[in-house]
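**Student:** Structure file run_4.txt (compact mmCIF, C-alpha atoms) right here:
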```txt
# COMPACT_ATOMS: atom_id res chain seq x y z
CA MET A 1 -80.12 -68.30 -131.56
CA ILE A 2 -76.85 -68.50 -129.62
CA VAL A 3 -73.66 -67.79 -131.56
CA ALA A 4 -70.02 -67.44 -130.49
CA VAL A 5 -67.89 -64.92 -132.37
CA ASN A 6 -64.21 -64.12 -132.21
CA LYS A 7 -64.17 -60.46 -131.18
CA PRO A 8 -61.27 -58.59 -132.76
CA LYS A 9 -59.22 -56.20 -130.65
CA GLY A 10 -59.86 -52.48 -130.94
CA ILE A 11 -63.65 -52.55 -130.66
CA THR A 12 -66.02 -52.88 -127.72
CA SER A 13 -68.29 -55.82 -127.01
CA PHE A 14 -71.24 -53.48 -127.59
CA ASP A 15 -69.80 -52.61 -131.03
CA VAL A 16 -70.17 -56.32 -131.86
CA VAL A 17 -73.76 -56.30 -130.57
CA LYS A 18 -74.55 -53.25 -132.75
CA TYR A 19 -72.96 -54.94 -135.78
CA VAL A 20 -75.06 -58.08 -135.29
CA ARG A 21 -78.24 -56.01 -134.86
CA LYS A 22 -77.51 -54.17 -138.09
CA GLU A 23 -76.68 -57.28 -140.12
CA THR A 24 -79.57 -59.40 -138.85
CA GLY A 25 -82.30 -56.87 -138.21
CA VAL A 26 -82.84 -58.52 -134.81
CA LYS A 27 -83.40 -55.79 -132.24
CA LYS A 28 -82.81 -57.87 -129.13
CA VAL A 29 -79.15 -58.95 -129.03
CA GLY A 30 -77.01 -59.45 -125.90
CA HIS A 31 -73.71 -60.99 -124.87
CA ALA A 32 -72.55 -63.23 -122.03
CA GLY A 33 -69.65 -61.28 -120.54
CA THR A 34 -67.85 -58.13 -121.70
CA LEU A 35 -64.44 -58.21 -123.35
CA ASP A 36 -62.36 -55.03 -123.04
CA PRO A 37 -61.59 -53.20 -126.32
CA PHE A 38 -57.90 -54.26 -126.23
CA ALA A 39 -58.89 -57.91 -125.71
CA GLU A 40 -59.98 -60.42 -128.32
CA GLY A 41 -61.53 -63.86 -128.44
CA VAL A 42 -64.73 -65.66 -127.52
CA LEU A 43 -67.82 -63.48 -127.19
CA VAL A 44 -71.07 -65.43 -126.82
CA LEU A 45 -74.11 -63.68 -128.27
CA GLY A 46 -77.82 -64.35 -127.91
CA LEU A 47 -80.34 -63.19 -130.50
CA GLY A 48 -84.04 -62.67 -129.83
CA PRO A 49 -85.57 -65.05 -127.24
CA SER A 50 -82.16 -66.75 -126.83
CA THR A 51 -80.91 -63.79 -124.80
CA LYS A 52 -82.60 -65.50 -121.84
CA GLU A 53 -79.97 -68.24 -122.06
CA LEU A 54 -77.07 -65.82 -121.66
CA THR A 55 -77.31 -65.65 -117.86
CA SER A 56 -76.42 -69.33 -117.48
CA VAL A 57 -73.67 -69.04 -120.12
CA SER A 58 -72.13 -66.06 -118.31
CA HIS A 59 -71.74 -68.16 -115.15
CA GLU A 60 -69.56 -70.72 -116.94
CA GLN A 61 -65.80 -70.91 -116.40
CA LYS A 62 -63.69 -68.79 -118.74
CA GLU A 63 -60.17 -69.39 -120.03
CA TYR A 64 -57.74 -66.67 -121.10
CA HIS A 65 -54.29 -66.40 -122.68
CA ALA A 66 -52.48 -63.32 -121.37
CA TRP A 67 -49.23 -61.44 -121.83
CA LEU A 68 -48.07 -59.38 -118.81
CA GLN A 69 -45.45 -56.67 -119.31
CA LEU A 70 -43.43 -56.07 -116.14
CA GLY A 71 -41.69 -52.87 -115.03
CA LYS A 72 -44.38 -50.42 -116.10
CA THR A 73 -48.09 -49.98 -115.50
CA THR A 74 -50.94 -47.94 -116.95
CA ASN A 75 -54.06 -46.31 -115.55
CA THR A 76 -56.24 -48.95 -117.26
CA LEU A 77 -53.89 -51.89 -116.46
CA ASP A 78 -53.75 -52.66 -120.18
CA SER A 79 -52.11 -51.38 -123.35
CA ASP A 80 -54.93 -48.91 -124.07
CA GLY A 81 -54.00 -46.77 -121.06
CA GLU A 82 -51.31 -44.22 -120.26
CA ILE A 83 -48.12 -45.17 -118.43
CA THR A 84 -48.54 -44.04 -114.83
CA ASN A 85 -45.70 -45.79 -113.03
CA GLU A 86 -42.38 -47.54 -113.63
CA LYS A 87 -40.54 -49.79 -111.21
CA GLN A 88 -37.39 -51.84 -111.34
CA ILE A 89 -37.86 -55.57 -111.88
CA PRO A 90 -36.16 -57.73 -109.24
CA GLU A 91 -34.25 -60.82 -110.33
CA PHE A 92 -36.32 -63.98 -110.22
CA ASP A 93 -36.80 -67.16 -112.22
CA ASP A 94 -39.65 -69.37 -113.42
CA MET A 95 -39.79 -71.12 -110.05
CA LYS A 96 -40.51 -67.82 -108.29
CA ILE A 97 -43.28 -67.05 -110.78
CA ALA A 98 -44.74 -70.53 -110.25
CA ASP A 99 -44.78 -69.95 -106.47
CA VAL A 100 -46.57 -66.63 -106.93
CA PHE A 101 -49.06 -68.29 -109.28
CA LYS A 102 -49.84 -70.87 -106.58
CA SER A 103 -50.71 -68.07 -104.16
CA PHE A 104 -53.30 -66.77 -106.64
CA THR A 105 -54.93 -70.17 -107.23
CA GLY A 106 -58.23 -71.04 -105.56
CA VAL A 107 -60.76 -68.62 -104.12
CA ILE A 108 -59.07 -65.23 -103.74
CA PRO A 109 -60.15 -61.65 -102.97
CA GLN A 110 -59.85 -59.24 -105.87
CA ILE A 111 -60.42 -55.50 -105.86
CA PRO A 112 -62.19 -54.45 -109.10
CA PRO A 113 -60.10 -51.99 -111.15
CA MET A 114 -61.28 -48.40 -111.45
CA PHE A 115 -61.46 -48.77 -115.23
CA SER A 116 -64.27 -51.32 -115.16
CA ALA A 117 -68.03 -51.44 -115.76
CA LYS A 118 -68.71 -52.44 -112.15
CA LYS A 119 -71.28 -50.18 -110.49
CA MET A 120 -70.78 -48.53 -107.11
CA ASN A 121 -73.49 -46.27 -105.73
CA GLY A 122 -75.21 -46.55 -109.09
CA VAL A 123 -72.23 -45.23 -111.07
CA ARG A 124 -69.94 -47.20 -113.41
CA LEU A 125 -66.40 -47.10 -112.04
CA TYR A 126 -64.86 -46.23 -115.41
CA LYS A 127 -66.92 -43.02 -115.53
CA LEU A 128 -65.25 -41.89 -112.30
CA ALA A 129 -61.83 -43.08 -113.50
CA ARG A 130 -62.12 -40.95 -116.62
CA LYS A 131 -62.51 -37.94 -114.32
CA ASN A 132 -59.39 -39.03 -112.39
CA ILE A 133 -61.58 -39.90 -109.41
CA GLU A 134 -60.57 -43.00 -107.47
CA ILE A 135 -62.78 -44.42 -104.74
CA GLU A 136 -62.31 -47.24 -102.27
CA ARG A 137 -63.60 -50.57 -103.54
CA GLU A 138 -64.44 -53.66 -101.52
CA PRO A 139 -62.68 -56.87 -102.60
CA VAL A 140 -64.80 -59.48 -104.36
CA LYS A 141 -64.20 -63.23 -104.11
CA VAL A 142 -63.27 -64.86 -107.42
CA HIS A 143 -62.14 -68.39 -108.21
CA ILE A 144 -58.92 -69.07 -110.09
CA TYR A 145 -59.20 -72.72 -111.09
CA LYS A 146 -55.95 -72.94 -113.01
CA LEU A 147 -53.00 -70.60 -113.58
CA ASP A 148 -50.19 -71.84 -115.83
CA LEU A 149 -46.92 -70.17 -116.85
CA ILE A 150 -46.10 -70.51 -120.55
CA SER A 151 -42.94 -68.41 -120.72
CA PHE A 152 -40.99 -65.53 -119.17
CA GLU A 153 -38.92 -63.64 -121.73
CA ASN A 154 -37.92 -59.98 -122.19
CA ASN A 155 -39.77 -59.01 -118.99
CA VAL A 156 -43.05 -60.43 -120.33
CA ILE A 157 -44.90 -63.23 -118.52
CA GLU A 158 -47.06 -65.29 -120.83
CA PHE A 159 -49.68 -67.37 -119.05
CA THR A 160 -53.11 -69.00 -119.25
CA VAL A 161 -55.81 -68.80 -116.62
CA VAL A 162 -59.12 -70.57 -116.04
CA CYS A 163 -61.38 -68.51 -113.79
CA SER A 164 -64.88 -67.77 -112.58
CA ARG A 165 -67.25 -65.10 -113.72
CA GLY A 166 -66.35 -61.61 -112.54
CA THR A 167 -62.57 -62.11 -112.59
CA TYR A 168 -60.61 -59.16 -113.98
CA ILE A 169 -57.50 -60.53 -115.71
CA ARG A 170 -56.05 -57.00 -115.86
CA GLN A 171 -56.26 -56.80 -112.07
CA LEU A 172 -54.87 -60.31 -111.71
CA GLY A 173 -51.88 -59.25 -113.81
CA ALA A 174 -51.33 -56.17 -111.67
CA ASP A 175 -51.56 -58.22 -108.46
CA ILE A 176 -49.12 -60.83 -109.78
CA SER A 177 -46.69 -58.03 -110.68
CA GLU A 178 -46.95 -56.59 -107.18
CA ALA A 179 -46.32 -60.01 -105.63
CA LEU A 180 -43.15 -60.20 -107.73
CA GLY A 181 -41.99 -56.85 -106.36
CA THR A 182 -42.71 -54.68 -109.38
CA VAL A 183 -45.59 -53.31 -111.49
CA GLY A 184 -47.13 -54.54 -114.72
CA TYR A 185 -49.92 -54.31 -117.25
CA LEU A 186 -51.44 -56.58 -119.88
CA ILE A 187 -50.21 -56.02 -123.43
CA LYS A 188 -52.42 -58.73 -124.93
CA LEU A 189 -55.42 -60.77 -123.79
CA VAL A 190 -57.28 -63.51 -125.66
CA ARG A 191 -60.36 -65.25 -124.28
CA LEU A 192 -59.98 -68.87 -125.30
CA SER A 193 -63.29 -70.21 -124.07
CA VAL A 194 -66.56 -69.56 -122.25
CA GLY A 195 -67.87 -72.87 -120.98
CA ASN A 196 -68.13 -75.16 -124.00
CA TYR A 197 -67.68 -72.34 -126.51
CA LYS A 198 -64.07 -72.53 -127.81
CA ILE A 199 -62.16 -69.97 -129.84
CA ASN A 200 -61.35 -72.42 -132.65
CA GLU A 201 -65.09 -72.89 -133.20
CA CYS A 202 -65.96 -69.18 -133.24
CA LEU A 203 -66.96 -67.20 -136.31
CA ASN A 204 -65.25 -63.95 -137.16
CA LEU A 205 -67.62 -61.10 -137.97
CA SER A 206 -67.42 -61.53 -141.74
CA GLU A 207 -68.09 -65.27 -141.39
CA PHE A 208 -71.10 -64.51 -139.21
CA LYS A 209 -72.40 -62.12 -141.86
CA GLU A 210 -72.06 -64.76 -144.59
CA GLN A 211 -73.63 -67.46 -142.44
CA TRP A 212 -76.59 -65.23 -141.62
CA LYS A 213 -77.12 -64.50 -145.32
CA SER A 214 -77.22 -68.24 -146.05
CA ILE A 215 -79.79 -68.76 -143.27
CA GLU A 216 -82.01 -66.01 -144.65
CA SER A 217 -81.82 -67.18 -148.26
```
Once more with this new file: its structure as structure tokens, please.

**Tutor:**
Amino acid sequence: MIVAVNKPKGITSFDVVKYVRKETGVKKVGHAGTLDPFAEGVLVLGLGPSTKELTSVSHEQKEYHAWLQLGKTTNTLDSDGEITNEKQIPEFDDMKIADVFKSFTGVIPQIPPMFSAKKMNGVRLYKLARKNIEIEREPVKVHIYKLDLISFENNVIEFTVVCSRGTYIRQLGADISEALGTVGYLIKLVRLSVGNYKINECLNLSEFKEQWKSIES
């Protein structure tokens, strides 16, 4: 069984997996791509034998809706972290942002953030980051298929992005901020889709629970 749920913010993707295991009694449950605790939206789950299908799902394009706060940044590059730097915001307009967005469209190199689950030398980067250890990371090629500005108000850039697997939207936000001559971090992130799985078709956790009860009965 493959099911797409709308992960609420404030919990981990693994918290969702544990919830589904508890409610269904199915021991083998996996997901097709982690969402950070501060993020919300589409999380595709596989139960039982269907976990084998998750690899192909995880390679599908993903779409996000993001809010980027300029002028400050955090150690995690999102609102869950601690403010580590502040920098004045230069004057620019929507046209400047659009030009910067163009420079981040296509196949681009991206350095994985320290607060990430990526492994280096067998160790998850976030485990080092929590010890205030930063190591050099090699850039990884990711594909930004589409990057659209929605609005720029009160020093917050609201945008949508369609990207490949392995893209860190937190890092993209930080890199966009740097290209604009300042710093920034994500204050909100919603995953709108994973391949054909759309957010408006997802179940919230209580709906999943009710649906599972109806299947069992």

**Student:** What is the CA of Pro49 (chain A)-CA of Val17 (chain A) distance in Å, reported with one decimal?

**Tutor:**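 Straight-line distance from CA of Pro49 (chain A) to CA of Val17 (chain A) works out to 15.1 Å.
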
**Student:** Please determine the residues with any atom at most 10 Å from (-39.0, -62.1, -104.1) (coordinates as given in the file, with all atoms listed in the file counting) and report them as an MDAnalysis selection string.

**Tutor:** chainID A and resid 90:93 96:97 100 179:182

**Student:** Give the answer as one residue: which of A:Ser56, A:Gly30, A:Trp67, A:Val3 has the shortest atom-to-atom distance to Lys18 (chain A), using all atoms listed in the file?

**Tutor:**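 Nearest candidate to Lys18 (chain A) out of A:Ser56, A:Gly30, A:Trp67, A:Val3: A:Gly30.
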
**Student:** What gap, in Å, lies between CA of Thr73 (chain A) and CA of Gln88 (chain A)?

**Tutor:** 11.6 Å

**Student:** Find the spatial neighbours of Phe38 (chain A), counting only C-alpha atoms, within a cut-off of 9 Å - ignore same-chain residues fewer than 2 positions away - and output them as a ChimeraX atom specification.

**Tutor:** /A:8-12,35-36,40,78-80,187-189

**Student:** In Å, rounded to a single decimal, give me how far CA of Glu207 (chain A) is from CA of Val5 (chain A).

**Tutor:**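 Between CA of Val5 (chain A) and CA of Glu207 (chain A) the gap is 9.0 Å.
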
**Student:** Tell me which protein, DNA and RNA residues are within 7 Å of Glu60 (chain A), counting all atoms listed in the file, leaving out same-chain ones fewer than 3 positions away, and put them as a PyMOL selection string.

**Tutor:** chain A and resi 57+165+194-195

**Student:** Go through A:Ile133, A:Leu77, A:Val107, A:Val190 and flag the residue nearest Arg170 (chain A), using only C-alpha atoms for the distances.

**Tutor:**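 Among A:Ile133, A:Leu77, A:Val107, A:Val190, it is A:Leu77 that comes nearest to Arg170 (chain A).
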
**Student:** May I have the residues within 9 Å of Lys146 (chain A) as a list in words, using only C-alpha atoms and disregarding those fewer than 4 positions away in the same chain?

**Tutor:**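 Neighbouring residues, sequence-local ones excluded: Glu63, Thr105, Gly106, Thr160, Val161, Val162 and Cys163 of chain A.
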
**Student:** Determine the nearest neighbour of Glu86 (chain A) from the options A:Val183, A:Val156, A:Val44, A:Ile150, counting all atoms listed in the file.

**Tutor:**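 Checking each of A:Val183, A:Val156, A:Val44, A:Ile150 against Glu86 (chain A), counting all atoms listed in the file, the winner is A:Val183.
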
**Student:** Using all atoms listed in the file, which of A:Val20, A:Leu172, A:Ile83, A:Ala66 sits nearest Pro112 (chain A)?

**Tutor:** A:Leu172

**Student:** Let me know the centre plus edge lengths, in Å and rounded to one decimal, of a box with edges along x, y and z that contains all listed atoms of region 208-215 of chain A and is padded by 8 Å on every side, as AutoDock Vina command-line options.

**Tutor:**
```
--center_x -75.4 --center_y -65.4 --center_z -142.6 --size_x 24.7 --size_y 22.6 --size_z 22.8
```

**Student:** Could you give me, as a PDB file with C-alpha atoms, keeping the file's coordinate frame, the residues that sit within 10 Å of (-45.2, -66.6, -119.2) in the file's coordinates, counting all atoms listed in the file?

**Tutor:**
```pdb
ATOM      1  CA  HIS A  65     -54.290 -66.400-122.680  1.00  0.00           C
ATOM      2  CA  ALA A  66     -52.480 -63.320-121.370  1.00  0.00           C
ATOM      3  CA  TRP A  67     -49.230 -61.440-121.830  1.00  0.00           C
ATOM      4  CA  LEU A  68     -48.070 -59.380-118.810  1.00  0.00           C
ATOM      5  CA  GLN A  69     -45.450 -56.670-119.310  1.00  0.00           C
ATOM      6  CA  ASP A  94     -39.650 -69.370-113.420  1.00  0.00           C
ATOM      7  CA  ILE A  97     -43.280 -67.050-110.780  1.00  0.00           C
ATOM      8  CA  ALA A  98     -44.740 -70.530-110.250  1.00  0.00           C
ATOM      9  CA  ASP A 148     -50.190 -71.840-115.830  1.00  0.00           C
ATOM     10  CA  LEU A 149     -46.920 -70.170-116.850  1.00  0.00           C
ATOM     11  CA  ILE A 150     -46.100 -70.510-120.550  1.00  0.00           C
ATOM     12  CA  SER A 151     -42.940 -68.410-120.720  1.00  0.00           C
ATOM     13  CA  PHE A 152     -40.990 -65.530-119.170  1.00  0.00           C
ATOM     14  CA  GLU A 153     -38.920 -63.640-121.730  1.00  0.00           C
ATOM     15  CA  ASN A 155     -39.770 -59.010-118.990  1.00  0.00           C
ATOM     16  CA  VAL A 156     -43.050 -60.430-120.330  1.00  0.00           C
ATOM     17  CA  ILE A 157     -44.900 -63.230-118.520  1.00  0.00           C
ATOM     18  CA  GLU A 158     -47.060 -65.290-120.830  1.00  0.00           C
ATOM     19  CA  PHE A 159     -49.680 -67.370-119.050  1.00  0.00           C
ATOM     20  CA  THR A 160     -53.110 -69.000-119.250  1.00  0.00           C
TER      21      THR A 160
END
```

**Student:** Please determine, counting all atoms listed in the file, which residue among A:Asp175, A:Asn6, A:His31, A:Lys141 has the shortest atom-to-atom distance to Gly48 (chain A).

**Tutor:**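 For Gly48 (chain A), the nearest of the given residues is A:His31.
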
**Student:** As an MDAnalysis selection string, please: the residues near Gln171 (chain A) (cut-off 12 Å, all atoms listed in the file, same-chain neighbours under 4 positions excluded).

**Tutor:** chainID A and resid 66 68 73:78 104 109:116 139:140 142 166:167 175:178 183:186

**Student:** Need the shell around Thr55 (chain A): protein/DNA/RNA residues with any atom at most 9 Å away, counting only C-alpha atoms. Skip same-chain ones fewer than 4 positions apart. Format as a list in words?

**Tutor:**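 Those residues are Ala32, Thr51 and His59 of chain A.
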